[in-house]
Number of protein chains: 4
Amino acid sequence: MKKIDLNSDMGESFGKYKLGNDEEIMKYITSANIACGFHAGDPHVLKYTIQLAKETNTAVGAHPGLPDLIGFGRRAMDVTPEELYDYCVYQIGAAQAFCAALDVSLQHVKCHGILESMTTERPELAEAIAAAVKDVDPNLLYMTIAGTRLYQTCKEAGLRVAGEAYGDRAYNEDGTLVSRKLPGSVITDAKVVVERIMQFLETGSMPTYQGGTVKVDAQSICMHGDTPGAATMIKALREQLDANEIEVVPVGTLV
Amino acid sequence: MKKIDLNSDMGESFGKYKLGNDEEIMKYITSANIACGFHAGDPHVLKYTIQLAKETNTAVGAHPGLPDLIGFGRRAMDVTPEELYDYCVYQIGAAQAFCAALDVSLQHVKCHGILESMTTERPELAEAIAAAVKDVDPNLLYMTIAGTRLYQTCKEAGLRVAGEAYGDRAYNEDGTLVSRKLPGSVITDAKVVVERIMQFLETGSMPTYQGGTVKVDAQSICMHGDTPGAATMIKALREQLDANEIEVVPVGTLV
Amino acid sequence: MKKIDLNSDMGESFGKYKLGNDEEIMKYITSANIACGFHAGDPHVLKYTIQLAKETNTAVGAHPGLPDLIGFGRRAMDVTPEELYDYCVYQIGAAQAFCAALDVSLQHVKCHGILESMTTERPELAEAIAAAVKDVDPNLLYMTIAGTRLYQTCKEAGLRVAGEAYGDRAYNEDGTLVSRKLPGSVITDAKVVVERIMQFLETGSMPTYQGGTVKVDAQSICMHGDTPGAATMIKALREQLDANEIEVVPVGTLV
Amino acid sequence: MKKIDLNSDMGESFGKYKLGNDEEIMKYITSANIACGFHAGDPHVLKYTIQLAKETNTAVGAHPGLPDLIGFGRRAMDVTPEELYDYCVYQIGAAQAFCAALDVSLQHVKCHGILESMTTERPELAEAIAAAVKDVDPNLLYMTIAGTRLYQTCKEAGLRVAGEAYGDRAYNEDGTLVSRKLPGSVITDAKVVVERIMQFLETGSMPTYQGGTVKVDAQSICMHGDTPGAATMIKALREQLDANEIEVVPVGTLV
């Protein structure tokens with residue numbers, strides 16, 4: 001029987017500001033990447049979201065970001081590796097403490113989007129992330145796209161690493177994601193997303209933007225949670241997986 | 001042979017802003033209350049200060065504060081117990097993660113001044129602090145003035161609790177500190193501070209503002225680190241203690 | 001022909017976080033109290049909201065708050081009068097600059113809720129607010145509930161002051177608002193709100209919680225914009241006012 | 001008789017954190033670039049510094065920066081032109097309001113270092129800065145290094161623009177500053193700084209790193225205020241200028 005994890009970014013509300021539909025989405029995913037208060041989230045939201053994950057048997061991950069709430073952590077910043085290391089340790093620690101308080105364990109770490117992108121051109125940032133995770137707890141799993149420099153760096157650091165596939169993003173022939181600027185790069189039709197994921201689960205490959213297929217090494221499917229209709233799409237995917245007797249489980253059990 | 005701990009607030013710098021003389025003071029104290037990034041400190045300063053503590057064999061404590069950097073966490077805020085609980089868990093977690101990364105253990109928690117004052121009138125805040133510490137790690141020690149509501153609440157919660165005496169603050173007959181607004185409430189003469197502490201260590205009592213003495217239950221002496229001349233005063237006290245064969249040790253070994 | 005102003009709090013979104021339905025509500029009100037980036041809002045939201053006000057011929061007001069984004073500025077803080085003065089000047093200035101850039105004028109200032117509440121017990125804070133407004137521009141109008149200490153203080157400082165009536169809040173016999181903690185203190189039935197406002201416009205009095213009426217000195221009706229259904233209620237009120245040939249105009253033309 | 005302006009960055013303290021020696025340096029300079037609360041400074045510091053400038057007849061300038069207090073605004077951030085425009089308008093407005101309250105006028109705007117560097121590769125950011133200044137008040141003067149893209153863009157936008165020369169930085173043959181990474185790029189010997197400035201005032205040229213000279217178009221000399229010894233160096237320069245009967249005046253009178 002096939003097994004796969006579903007992950008989504010959670011806990012992105014802040015103070016009076018509500019973002020996403022965590023209560024609904026948390027029912028269908030098995031790993032939650034929870035914002036830690038730098039790019040999104042706050043101590044209250046962090047606790048609430050871990051509590052929510054606990055109630056739905058969703059595994060908890062820390063989702064560190066840049067200290068840029070006004071920009072939602074999406075603007076590249078010229079941080080040093082030392083600064084990034086410190087930001088990661090700090091945020092992972094905050095998540096860990098709520099896990100301890102709520103008696104759940106922290107399964108994984110996955111950095112916020114722009115942080116991962118920044119490692120492509122600056123390998124020293126990938127090393128900073130890997131070192132931060134390892135130094136806080138060498139048993140933590142790191143989750144990212146297989147084949148990236150960050151993935152390799154985490155592997156080389158001796159961390160358990162999980163690869164992820166994007167259900168709602170088009171792939172290039174080389175396994176990278178098609179730029180969001182190109183038409184059709186983001187897939188919003190639930191049916192198409194489900195088909196793509198089913199194809200991946202059956203063949204190990206994803207269809208490419210150019211019309212072919214590309215092998216993807218993934219133990220988890222990442223679904224975005226902050227777009228309108230996200231909950232519906234994730235629910236549809238989960239139901240399809242269940243119907244096909246594919247077991248949806250936290251990624252920590254697969255790596 | 002008598003034993004006592006010396007504690008001081010450390011790690012209050014932020015970004016480019018330097019505050020205090022941690023490098024010097026850390027040589028003489030045995031417990032450091034380290035700011036965690038809300039009222040002062042930042043991830044880099046937090047790591048640096050724990051590293052400094054490690055190098056000087058100083059025990060590490062988390063020093064949570066209100067989320068008010070512009071006011072240095074000194075302005076009372078009408079927070080709920082839930083908010084305060086979350087702020088404490090979050091900050092303790094951040095400190096813990098750096099301790100893990102630097103392979104030292106977190107000895108204690110001591111809340112920033114105004115937080116402790118706020119518990120006097122709002123016992124639910126004392127309960128929030130005690131619960132936060134206990135929920136993160138029931139082995140953590142809480143340090144505060146003996147006899148206060150917060151002290152009692154932490155005791156009742158089952159935490160190890162250490163009492164502290166203030167070397168540079170005048171006492172009332174009932175063991176409370178004389179308001180900073182009154183002349184002579186803050187003692188800045190190193191010689192007088194040393195005499196008072198020696199009297200306390202010999203008799204268990206501190207001289208009072210009114211001319212008598214008051215019994216003080218303390219395993220640690222708190223010295224402020226952010227005033228000019230603080231380092232000199234702390235050094236003088238430490239030398240006097242050493243000369244009198246009073247062993248200065250982390251409070252965790254005394255409670 | 002009777003004239004009245006309708007005001008509402010606007011511009012409370014922040015970064016990626018959207019709050020309220022400004023685009024809809026701005027069509028019906030004539031004065032907008034726009035958050036300035038401390039308790040809510042950010043530079044981009046501030047500009048966008050002033051632009052929106054310009055397009056709908058809504059008069060622009062600055063809505064300064066406490067520096068507490070995580071608490072939406074709703075938690076009382078023990079600020080000094082000097083600090084509050086500085087916060088008000090700073091925020092009014094930010095709003096003014098966008099007004100200059102967009103070629104509209106700043107009509108009024110109205111402080112965020114908790115700031116106004118804080119002046120009840122600390123008259124020096126009312127003086128700080130009045131001084132800040134006057135020092136930045138003595139032609140600015142201050143808007144608040146008539147009869148309050150803040151209202152009086154602004155009058156005495158020589159500012160133009162407008163009184164406001166709350167359409168959706170119950171009144172006590174003495175003209176103060178019924179505590180939100182009491183049942184029925186907040187009115188959510190659009191029909192009832194409209195009736196109350198019409199009664200006020202005809203008689204100068206509002207019905208009280210206790211069953212009588214109380215005289216209210218108001219040139220503006222305040223409607224909350226951040227509750228579900230707010231837009232519908234404000235629209236209904238505006239239509240009723242238009243139907244009754246009550247001219248709805250910016251408060252600056254009435255004081 | 002020759003005339004020149006001396007400018008320095010001021011108002012960089014924050015809350016309890018003190019940076020620089022504004023009280024001393026303000027005596028010798030004639031234009032102050034005052035931080036506005038994003039990369040440094042806060043509302044209280046802003047008011048205090050403008051008050052200080054007023055007392056010393058120093059002309060006031062707004063010194064907008066990136067919203068990155070923890071990094072002192074020195075880390076390049078991938079902001080959009082719209083975001084930068086909004087940040088500039090917001091900060092200039094805050095400074096203007098305190099100028100109004102203190103009855104002084106805002107002479108100029110000068111963006112914080114990294115913002116100016118960012119315009120080199122992204123001309124749209126230069127346009128955003130120029131538009132922000134012009135839209136808030138077309139009479140404001142912009143101060144930057146002559147010949148840069150930002151200088152040109154401000155000129156083309158129709159703003160009054162002042163050029164500045166760096167007394168304590170080495171020049172390349174093309175008039176650009178030698179990278180801080182190279183030895184000797186920053187000059188810390190007061191005597192050498194004074195000699196260079198005197199040479200510039202006599203010949204219109206600065207000595208270059210490579211041994212030649214380069215023509216510099218400047219109406220103001222920029223001196224850094226945050227380095228140890230800065231006050232001494234600025235004082236020495238001012239005394240030399242006075243002794244040579246070079247009139248030191250605010251740049252607004254020279255452009």
# chains A, B, ... in the order shown; residues from 1 in each chain; ligands from 1
$ select_by_dssp --residues "segment 16-161 of chain A" --states "alpha helix (DSSP H)" --output "ChimeraX atom specification"
/A:22-25,43-55,81-102,113-121,123-136,149-156
$ closest_atom_pairs --of "chain B" --to "chain A" --cutoff "7 Å" --atoms "only C-alpha atoms" --output "tab-separated table"
residue	atom	partner	partner_atom	distance
B:Pro43	CA	A:Asp86	CA	5.4
B:His44	CA	A:Asp86	CA	5.8
B:Glu83	CA	A:His44	CA	6.6
B:Asp86	CA	A:Pro43	CA	5.4
B:Tyr87	CA	A:Pro43	CA	6.1
B:Val89	CA	A:Ala97	CA	6.0
B:Tyr90	CA	A:Ala94	CA	4.6
B:Gln91	CA	A:Ala94	CA	6.6
B:Gly93	CA	A:Ala94	CA	4.4
B:Ala94	CA	A:Gly93	CA	4.4
B:Gln96	CA	A:Gly93	CA	6.4
B:Ala97	CA	A:Gly93	CA	4.5
B:Phe98	CA	A:Val89	CA	6.5
B:Ala100	CA	A:Val136	CA	5.4
B:Ala101	CA	A:Asp135	CA	4.5
B:Asp135	CA	A:Ala101	CA	4.5
B:Val136	CA	A:Ala101	CA	4.9
$ write_last_selection --atoms "all heavy atoms" --output "short mmCIF file (atom, residue, chain, number, x, y, z; two decimals), in the first residue's frame"
data_model
loop_
_atom_site.label_atom_id
_atom_site.label_comp_id
_atom_site.auth_asym_id
_atom_site.auth_seq_id
_atom_site.Cartn_x
_atom_site.Cartn_y
_atom_site.Cartn_z
N PRO B 43 17.77 37.75 18.35
CA PRO B 43 18.32 36.39 18.24
C PRO B 43 19.84 36.34 18.30
O PRO B 43 20.41 35.44 18.92
CB PRO B 43 17.79 35.93 16.87
CG PRO B 43 16.48 36.64 16.74
CD PRO B 43 16.74 38.01 17.33
N HIS B 44 20.50 37.31 17.68
CA HIS B 44 21.95 37.31 17.67
C HIS B 44 22.50 37.60 19.07
O HIS B 44 23.42 36.92 19.54
CB HIS B 44 22.46 38.34 16.66
CG HIS B 44 23.94 38.36 16.55
ND1 HIS B 44 24.66 37.29 16.07
CD2 HIS B 44 24.84 39.31 16.86
CE1 HIS B 44 25.94 37.58 16.09
NE2 HIS B 44 26.07 38.79 16.58
N GLU B 83 -2.37 35.75 27.02
CA GLU B 83 -1.32 36.42 26.25
C GLU B 83 0.02 36.32 26.97
O GLU B 83 1.04 36.02 26.35
CB GLU B 83 -1.70 37.90 26.02
CG GLU B 83 -2.86 38.08 25.04
CD GLU B 83 -3.40 39.50 24.99
OE1 GLU B 83 -3.21 40.26 25.96
OE2 GLU B 83 -4.04 39.84 23.99
N ASP B 86 1.49 32.91 26.72
CA ASP B 86 2.05 32.67 25.38
C ASP B 86 3.38 33.41 25.19
O ASP B 86 4.31 32.87 24.59
CB ASP B 86 1.06 33.10 24.30
CG ASP B 86 -0.21 32.25 24.32
OD1 ASP B 86 -0.19 31.16 24.93
OD2 ASP B 86 -1.23 32.67 23.74
N TYR B 87 3.45 34.63 25.69
CA TYR B 87 4.71 35.39 25.56
C TYR B 87 5.83 34.68 26.32
O TYR B 87 6.98 34.66 25.87
CB TYR B 87 4.54 36.81 26.11
CG TYR B 87 3.56 37.66 25.33
CD1 TYR B 87 2.98 38.79 25.89
CD2 TYR B 87 3.20 37.33 24.02
CE1 TYR B 87 2.08 39.57 25.18
CE2 TYR B 87 2.29 38.10 23.32
CZ TYR B 87 1.74 39.23 23.89
OH TYR B 87 0.84 39.99 23.19
N VAL B 89 6.05 31.37 27.18
CA VAL B 89 6.42 30.11 26.53
C VAL B 89 7.31 30.39 25.32
O VAL B 89 8.35 29.76 25.13
CB VAL B 89 5.15 29.33 26.09
CG1 VAL B 89 5.53 28.16 25.18
CG2 VAL B 89 4.39 28.83 27.32
N TYR B 90 6.87 31.35 24.51
CA TYR B 90 7.60 31.69 23.28
C TYR B 90 9.05 32.08 23.59
O TYR B 90 9.99 31.56 22.98
CB TYR B 90 6.87 32.84 22.59
CG TYR B 90 7.36 33.19 21.21
CD1 TYR B 90 6.73 32.68 20.08
CD2 TYR B 90 8.42 34.06 21.01
CE1 TYR B 90 7.15 33.03 18.80
CE2 TYR B 90 8.86 34.41 19.74
CZ TYR B 90 8.22 33.89 18.63
OH TYR B 90 8.64 34.21 17.37
N GLN B 91 9.22 32.97 24.54
CA GLN B 91 10.56 33.48 24.84
C GLN B 91 11.44 32.42 25.53
O GLN B 91 12.64 32.34 25.25
CB GLN B 91 10.45 34.75 25.70
CG GLN B 91 9.82 35.90 24.92
CD GLN B 91 9.65 37.17 25.75
OE1 GLN B 91 10.62 37.88 25.99
NE2 GLN B 91 8.45 37.45 26.19
N GLY B 93 11.21 29.31 25.04
CA GLY B 93 11.57 28.39 23.96
C GLY B 93 12.73 28.89 23.13
O GLY B 93 13.64 28.13 22.77
N ALA B 94 12.70 30.18 22.82
CA ALA B 94 13.80 30.75 22.03
C ALA B 94 15.12 30.60 22.79
O ALA B 94 16.14 30.20 22.21
CB ALA B 94 13.52 32.22 21.73
N GLN B 96 15.80 28.40 25.14
CA GLN B 96 16.12 26.96 25.21
C GLN B 96 16.82 26.47 23.95
O GLN B 96 17.74 25.65 24.01
CB GLN B 96 14.83 26.15 25.37
CG GLN B 96 14.38 25.93 26.78
CD GLN B 96 13.18 25.01 26.81
OE1 GLN B 96 12.34 25.05 25.91
NE2 GLN B 96 13.09 24.16 27.83
N ALA B 97 16.35 26.94 22.80
CA ALA B 97 16.92 26.45 21.54
C ALA B 97 18.39 26.86 21.41
O ALA B 97 19.21 26.07 20.94
CB ALA B 97 16.11 26.98 20.36
N PHE B 98 18.70 28.06 21.83
CA PHE B 98 20.12 28.47 21.78
C PHE B 98 20.93 27.69 22.81
O PHE B 98 22.10 27.37 22.56
CB PHE B 98 20.27 29.98 21.97
CG PHE B 98 19.89 30.77 20.75
CD1 PHE B 98 18.72 31.50 20.70
CD2 PHE B 98 20.70 30.75 19.62
CE1 PHE B 98 18.36 32.20 19.56
CE2 PHE B 98 20.35 31.44 18.47
CZ PHE B 98 19.17 32.17 18.44
N ALA B 100 20.33 24.63 23.63
CA ALA B 100 20.55 23.33 22.99
C ALA B 100 21.67 23.43 21.96
O ALA B 100 22.56 22.59 21.91
CB ALA B 100 19.25 22.85 22.33
N ALA B 101 21.62 24.48 21.15
CA ALA B 101 22.63 24.65 20.10
C ALA B 101 24.02 24.83 20.68
O ALA B 101 25.02 24.45 20.06
CB ALA B 101 22.26 25.84 19.21
N ASP B 135 4.87 24.28 32.13
CA ASP B 135 4.46 23.57 30.92
C ASP B 135 5.62 23.37 29.95
O ASP B 135 5.68 22.36 29.25
CB ASP B 135 3.31 24.31 30.22
CG ASP B 135 2.00 24.18 31.00
OD1 ASP B 135 1.97 23.45 32.02
OD2 ASP B 135 1.01 24.81 30.60
N VAL B 136 6.52 24.33 29.91
CA VAL B 136 7.67 24.17 29.00
C VAL B 136 8.65 23.14 29.56
O VAL B 136 9.11 22.26 28.84
CB VAL B 136 8.38 25.52 28.76
CG1 VAL B 136 9.65 25.30 27.95
CG2 VAL B 136 7.46 26.49 28.04
#
$ calpha_fit_and_write --fixed "chain D" --moving "chain B" --output "compact mmCIF listing (two decimals) with C-alpha atoms, in the first residue's frame"
# COMPACT_ATOMS: atom_id res chain seq x y z
CA MET B 1 34.10 84.22 0.84
CA LYS B 2 33.60 80.45 0.40
CA LYS B 3 30.59 78.71 1.92
CA ILE B 4 29.97 75.09 2.70
CA ASP B 5 27.55 72.94 4.65
CA LEU B 6 28.46 70.20 7.11
CA ASN B 7 25.98 67.33 7.42
CA SER B 8 25.81 64.26 9.65
CA ASP B 9 23.35 61.48 10.45
CA MET B 10 21.58 62.24 13.72
CA GLY B 11 18.73 60.87 15.82
CA GLU B 12 19.72 57.22 15.60
CA SER B 13 18.98 56.35 19.21
CA PHE B 14 15.95 54.19 19.97
CA GLY B 15 13.98 53.84 23.19
CA LYS B 16 16.44 53.15 25.98
CA TYR B 17 19.23 52.65 23.44
CA LYS B 18 21.57 55.56 22.91
CA LEU B 19 23.67 55.82 19.76
CA GLY B 20 26.12 58.52 18.81
CA ASN B 21 26.86 61.83 20.44
CA ASP B 22 24.26 64.11 18.91
CA GLU B 23 24.46 66.74 21.63
CA GLU B 24 28.11 67.39 20.83
CA ILE B 25 28.13 66.92 17.06
CA MET B 26 25.07 69.09 16.53
CA LYS B 27 27.17 72.09 17.65
CA TYR B 28 29.46 71.82 14.65
CA ILE B 29 27.27 70.74 11.74
CA THR B 30 24.76 72.86 9.84
CA SER B 31 22.49 70.14 8.40
CA ALA B 32 21.23 67.12 10.32
CA ASN B 33 19.92 64.00 8.59
CA ILE B 34 17.50 62.73 11.22
CA ALA B 35 16.36 59.10 11.37
CA CYS B 36 12.58 58.76 11.19
CA GLY B 37 11.80 55.57 13.09
CA PHE B 38 12.15 52.81 10.51
CA HIS B 39 15.83 51.84 10.53
CA ALA B 40 16.58 53.87 13.68
CA GLY B 41 15.03 56.57 15.83
CA ASP B 42 11.59 56.64 17.37
CA PRO B 43 8.97 59.38 17.82
CA HIS B 44 10.56 60.62 21.02
CA VAL B 45 14.09 60.62 19.62
CA LEU B 46 12.84 62.33 16.47
CA LYS B 47 11.30 65.18 18.46
CA TYR B 48 14.29 65.47 20.75
CA THR B 49 16.71 65.62 17.83
CA ILE B 50 14.75 68.26 15.94
CA GLN B 51 14.61 70.28 19.15
CA LEU B 52 18.36 69.90 19.48
CA ALA B 53 18.83 71.04 15.88
CA LYS B 54 16.63 74.05 16.53
CA GLU B 55 18.68 75.07 19.55
CA THR B 56 21.92 74.91 17.56
CA ASN B 57 20.52 76.53 14.40
CA THR B 58 21.14 73.34 12.49
CA ALA B 59 18.90 72.77 9.46
CA VAL B 60 16.68 69.70 9.70
CA GLY B 61 16.56 66.88 7.17
CA ALA B 62 14.53 63.68 7.09
CA HIS B 63 16.62 60.52 6.78
CA PRO B 64 14.25 57.73 5.71
CA GLY B 65 15.36 54.12 5.88
CA LEU B 66 14.14 50.56 5.39
CA PRO B 67 11.72 49.05 7.94
CA ASP B 68 14.44 46.90 9.51
CA LEU B 69 15.37 48.08 12.99
CA ILE B 70 17.13 44.84 13.85
CA GLY B 71 19.45 45.35 10.87
CA PHE B 72 19.70 49.14 11.29
CA GLY B 73 18.27 49.40 7.76
CA ARG B 74 21.57 48.26 6.29
CA ARG B 75 20.41 45.05 4.64
CA ALA B 76 19.21 45.39 1.08
CA MET B 77 15.57 44.35 0.81
CA ASP B 78 13.72 43.51 -2.34
CA VAL B 79 11.13 46.26 -1.99
CA THR B 80 8.99 47.48 -4.86
CA PRO B 81 9.17 51.12 -5.98
CA GLU B 82 5.65 51.58 -4.61
CA GLU B 83 6.69 50.27 -1.20
CA LEU B 84 9.74 52.51 -1.13
CA TYR B 85 7.68 55.52 -2.20
CA ASP B 86 5.26 54.83 0.65
CA TYR B 87 8.04 54.36 3.20
CA CYS B 88 9.60 57.68 2.17
CA VAL B 89 6.35 59.64 2.24
CA TYR B 90 5.45 58.19 5.63
CA GLN B 91 8.79 59.00 7.24
CA ILE B 92 9.10 62.46 5.71
CA GLY B 93 5.62 63.20 7.03
CA ALA B 94 6.54 62.14 10.53
CA ALA B 95 9.57 64.44 10.47
CA GLN B 96 7.51 67.29 9.02
CA ALA B 97 4.95 67.07 11.80
CA PHE B 98 7.58 67.47 14.49
CA CYS B 99 9.05 70.36 12.53
CA ALA B 100 5.62 71.97 12.51
CA ALA B 101 5.19 71.34 16.23
CA LEU B 102 8.60 72.84 16.97
CA ASP B 103 8.20 75.66 14.49
CA VAL B 104 11.19 74.87 12.31
CA SER B 105 11.17 74.02 8.65
CA LEU B 106 12.25 70.80 7.00
CA GLN B 107 15.15 71.66 4.74
CA HIS B 108 16.03 68.42 3.03
CA VAL B 109 15.70 64.69 2.61
CA LYS B 110 18.58 62.26 2.39
CA CYS B 111 17.94 58.54 2.26
CA HIS B 112 19.81 56.09 4.44
CA GLY B 113 22.91 54.50 2.90
CA ILE B 114 21.64 51.18 1.61
CA LEU B 115 18.60 52.85 0.03
CA GLU B 116 20.90 55.05 -2.00
CA SER B 117 23.03 52.05 -2.97
CA MET B 118 19.94 50.16 -4.06
CA THR B 119 19.12 52.88 -6.59
CA THR B 120 22.34 52.20 -8.49
CA GLU B 121 21.05 48.97 -9.93
CA ARG B 122 17.35 49.74 -9.81
CA PRO B 123 16.64 53.15 -11.36
CA GLU B 124 12.94 52.73 -10.57
CA LEU B 125 13.86 53.07 -6.89
CA ALA B 126 15.57 56.39 -7.57
CA GLU B 127 12.39 57.52 -9.27
CA ALA B 128 10.32 56.38 -6.31
CA ILE B 129 12.45 58.41 -3.91
CA ALA B 130 12.34 61.52 -6.08
CA ALA B 131 8.59 61.22 -6.53
CA ALA B 132 8.00 60.77 -2.81
CA VAL B 133 9.98 63.88 -1.93
CA LYS B 134 8.37 65.94 -4.66
CA ASP B 135 4.85 64.76 -3.89
CA VAL B 136 5.15 65.60 -0.21
CA ASP B 137 6.67 69.02 -0.81
CA PRO B 138 8.28 70.15 -4.10
CA ASN B 139 10.32 72.72 -2.19
CA LEU B 140 12.27 70.10 -0.28
CA LEU B 141 15.91 69.75 -1.23
CA TYR B 142 17.41 66.32 -1.86
CA MET B 143 20.98 65.70 -0.79
CA THR B 144 23.19 62.97 -2.23
CA ILE B 145 26.48 62.39 -4.04
CA ALA B 146 26.64 64.43 -7.24
CA GLY B 147 26.73 62.44 -10.43
CA THR B 148 24.90 59.40 -9.14
CA ARG B 149 21.76 58.14 -10.78
CA LEU B 150 19.74 59.25 -7.78
CA TYR B 151 21.22 62.74 -8.07
CA GLN B 152 20.29 62.86 -11.75
CA THR B 153 16.82 61.48 -11.17
CA CYS B 154 16.08 64.09 -8.52
CA LYS B 155 17.36 66.83 -10.82
CA GLU B 156 15.17 65.57 -13.64
CA ALA B 157 12.18 65.48 -11.32
CA GLY B 158 12.68 69.19 -10.80
CA LEU B 159 13.84 69.03 -7.21
CA ARG B 160 16.55 71.22 -5.80
CA VAL B 161 19.49 68.90 -5.31
CA ALA B 162 22.66 69.34 -3.26
CA GLY B 163 25.82 67.32 -3.82
CA GLU B 164 27.90 66.05 -0.96
CA ALA B 165 31.53 65.16 -0.48
CA TYR B 166 32.73 62.56 2.00
CA GLY B 167 35.49 63.80 4.22
CA ASP B 168 36.30 60.43 5.69
CA ARG B 169 36.00 58.16 2.66
CA ALA B 170 38.56 57.56 -0.11
CA TYR B 171 37.57 58.36 -3.71
CA ASN B 172 38.11 56.47 -6.95
CA GLU B 173 39.18 58.23 -10.13
CA ASP B 174 35.57 58.26 -11.36
CA GLY B 175 34.27 60.01 -8.27
CA THR B 176 32.74 56.95 -6.66
CA LEU B 177 33.71 55.95 -3.13
CA VAL B 178 36.29 53.22 -2.57
CA SER B 179 34.68 50.07 -1.19
CA ARG B 180 34.77 49.86 2.59
CA LYS B 181 36.33 46.43 2.17
CA LEU B 182 39.60 47.89 0.90
CA PRO B 183 42.26 49.01 3.37
CA GLY B 184 42.44 52.77 3.71
CA SER B 185 38.97 53.33 2.32
CA VAL B 186 37.80 54.91 5.56
CA ILE B 187 39.91 57.74 6.90
CA THR B 188 40.02 58.05 10.66
CA ASP B 189 42.83 60.55 11.13
CA ALA B 190 41.24 63.93 11.84
CA LYS B 191 44.23 65.76 10.41
CA VAL B 192 44.02 63.92 7.10
CA VAL B 193 40.29 64.49 6.88
CA VAL B 194 40.74 68.19 7.43
CA GLU B 195 43.51 68.38 4.80
CA ARG B 196 41.36 66.61 2.24
CA ILE B 197 38.43 68.90 2.82
CA MET B 198 40.62 71.99 2.66
CA GLN B 199 42.07 70.74 -0.63
CA PHE B 200 38.54 70.22 -1.94
CA LEU B 201 37.47 73.69 -0.86
CA GLU B 202 40.49 75.27 -2.54
CA THR B 203 40.52 73.23 -5.75
CA GLY B 204 37.10 71.64 -6.12
CA SER B 205 38.84 68.26 -6.28
CA MET B 206 39.47 65.42 -3.86
CA PRO B 207 42.62 63.28 -3.81
CA THR B 208 41.99 59.76 -5.11
CA TYR B 209 42.92 56.36 -3.78
CA GLN B 210 45.02 55.86 -6.89
CA GLY B 211 47.07 58.98 -6.22
CA GLY B 212 45.45 61.51 -8.53
CA THR B 213 42.59 63.91 -8.01
CA VAL B 214 38.94 63.94 -9.03
CA LYS B 215 36.59 66.87 -9.39
CA VAL B 216 33.73 66.72 -6.87
CA ASP B 217 30.60 68.82 -7.12
CA ALA B 218 29.53 69.33 -3.54
CA GLN B 219 27.82 71.98 -1.46
CA SER B 220 27.93 69.87 1.69
CA ILE B 221 30.51 67.78 3.51
CA CYS B 222 29.17 64.58 5.05
CA MET B 223 30.78 63.40 8.26
CA HIS B 224 29.80 60.16 9.94
CA GLY B 225 28.60 60.62 13.47
CA ASP B 226 28.41 57.09 14.80
CA THR B 227 32.09 56.20 15.00
CA PRO B 228 34.21 56.66 18.11
CA GLY B 229 36.09 59.90 17.78
CA ALA B 230 33.57 61.30 15.32
CA ALA B 231 32.78 64.30 17.48
CA THR B 232 36.45 65.19 17.83
CA MET B 233 37.00 64.94 14.10
CA ILE B 234 33.95 67.04 13.24
CA LYS B 235 34.94 69.64 15.81
CA ALA B 236 38.45 69.83 14.35
CA LEU B 237 37.08 70.24 10.85
CA ARG B 238 34.66 72.93 11.92
CA GLU B 239 37.38 74.88 13.72
CA GLN B 240 39.65 74.67 10.68
CA LEU B 241 36.87 75.92 8.43
CA ASP B 242 36.12 78.80 10.79
CA ALA B 243 39.80 79.64 11.04
CA ASN B 244 40.04 79.76 7.24
CA GLU B 245 37.04 82.06 7.05
CA ILE B 246 35.00 79.51 5.19
CA GLU B 247 31.42 80.14 6.18
CA VAL B 248 29.64 77.01 7.34
CA VAL B 249 25.93 77.33 6.52
CA PRO B 250 22.91 75.09 5.94
CA VAL B 251 22.93 73.67 2.43
CA GLY B 252 19.50 75.10 1.71
CA THR B 253 21.09 78.53 1.40
CA LEU B 254 23.57 77.29 -1.20
CA VAL B 255 21.38 75.50 -3.73
$ select_by_dssp --residues "segment 11-248 of chain A" --states "strand (DSSP E or B)" --output "PyMOL selection string"
chain A and resi 14+17+31-35+59-63+77+106-109+141-144+160-166+169+171+177+186+205-208+213-215+220-222+247-248
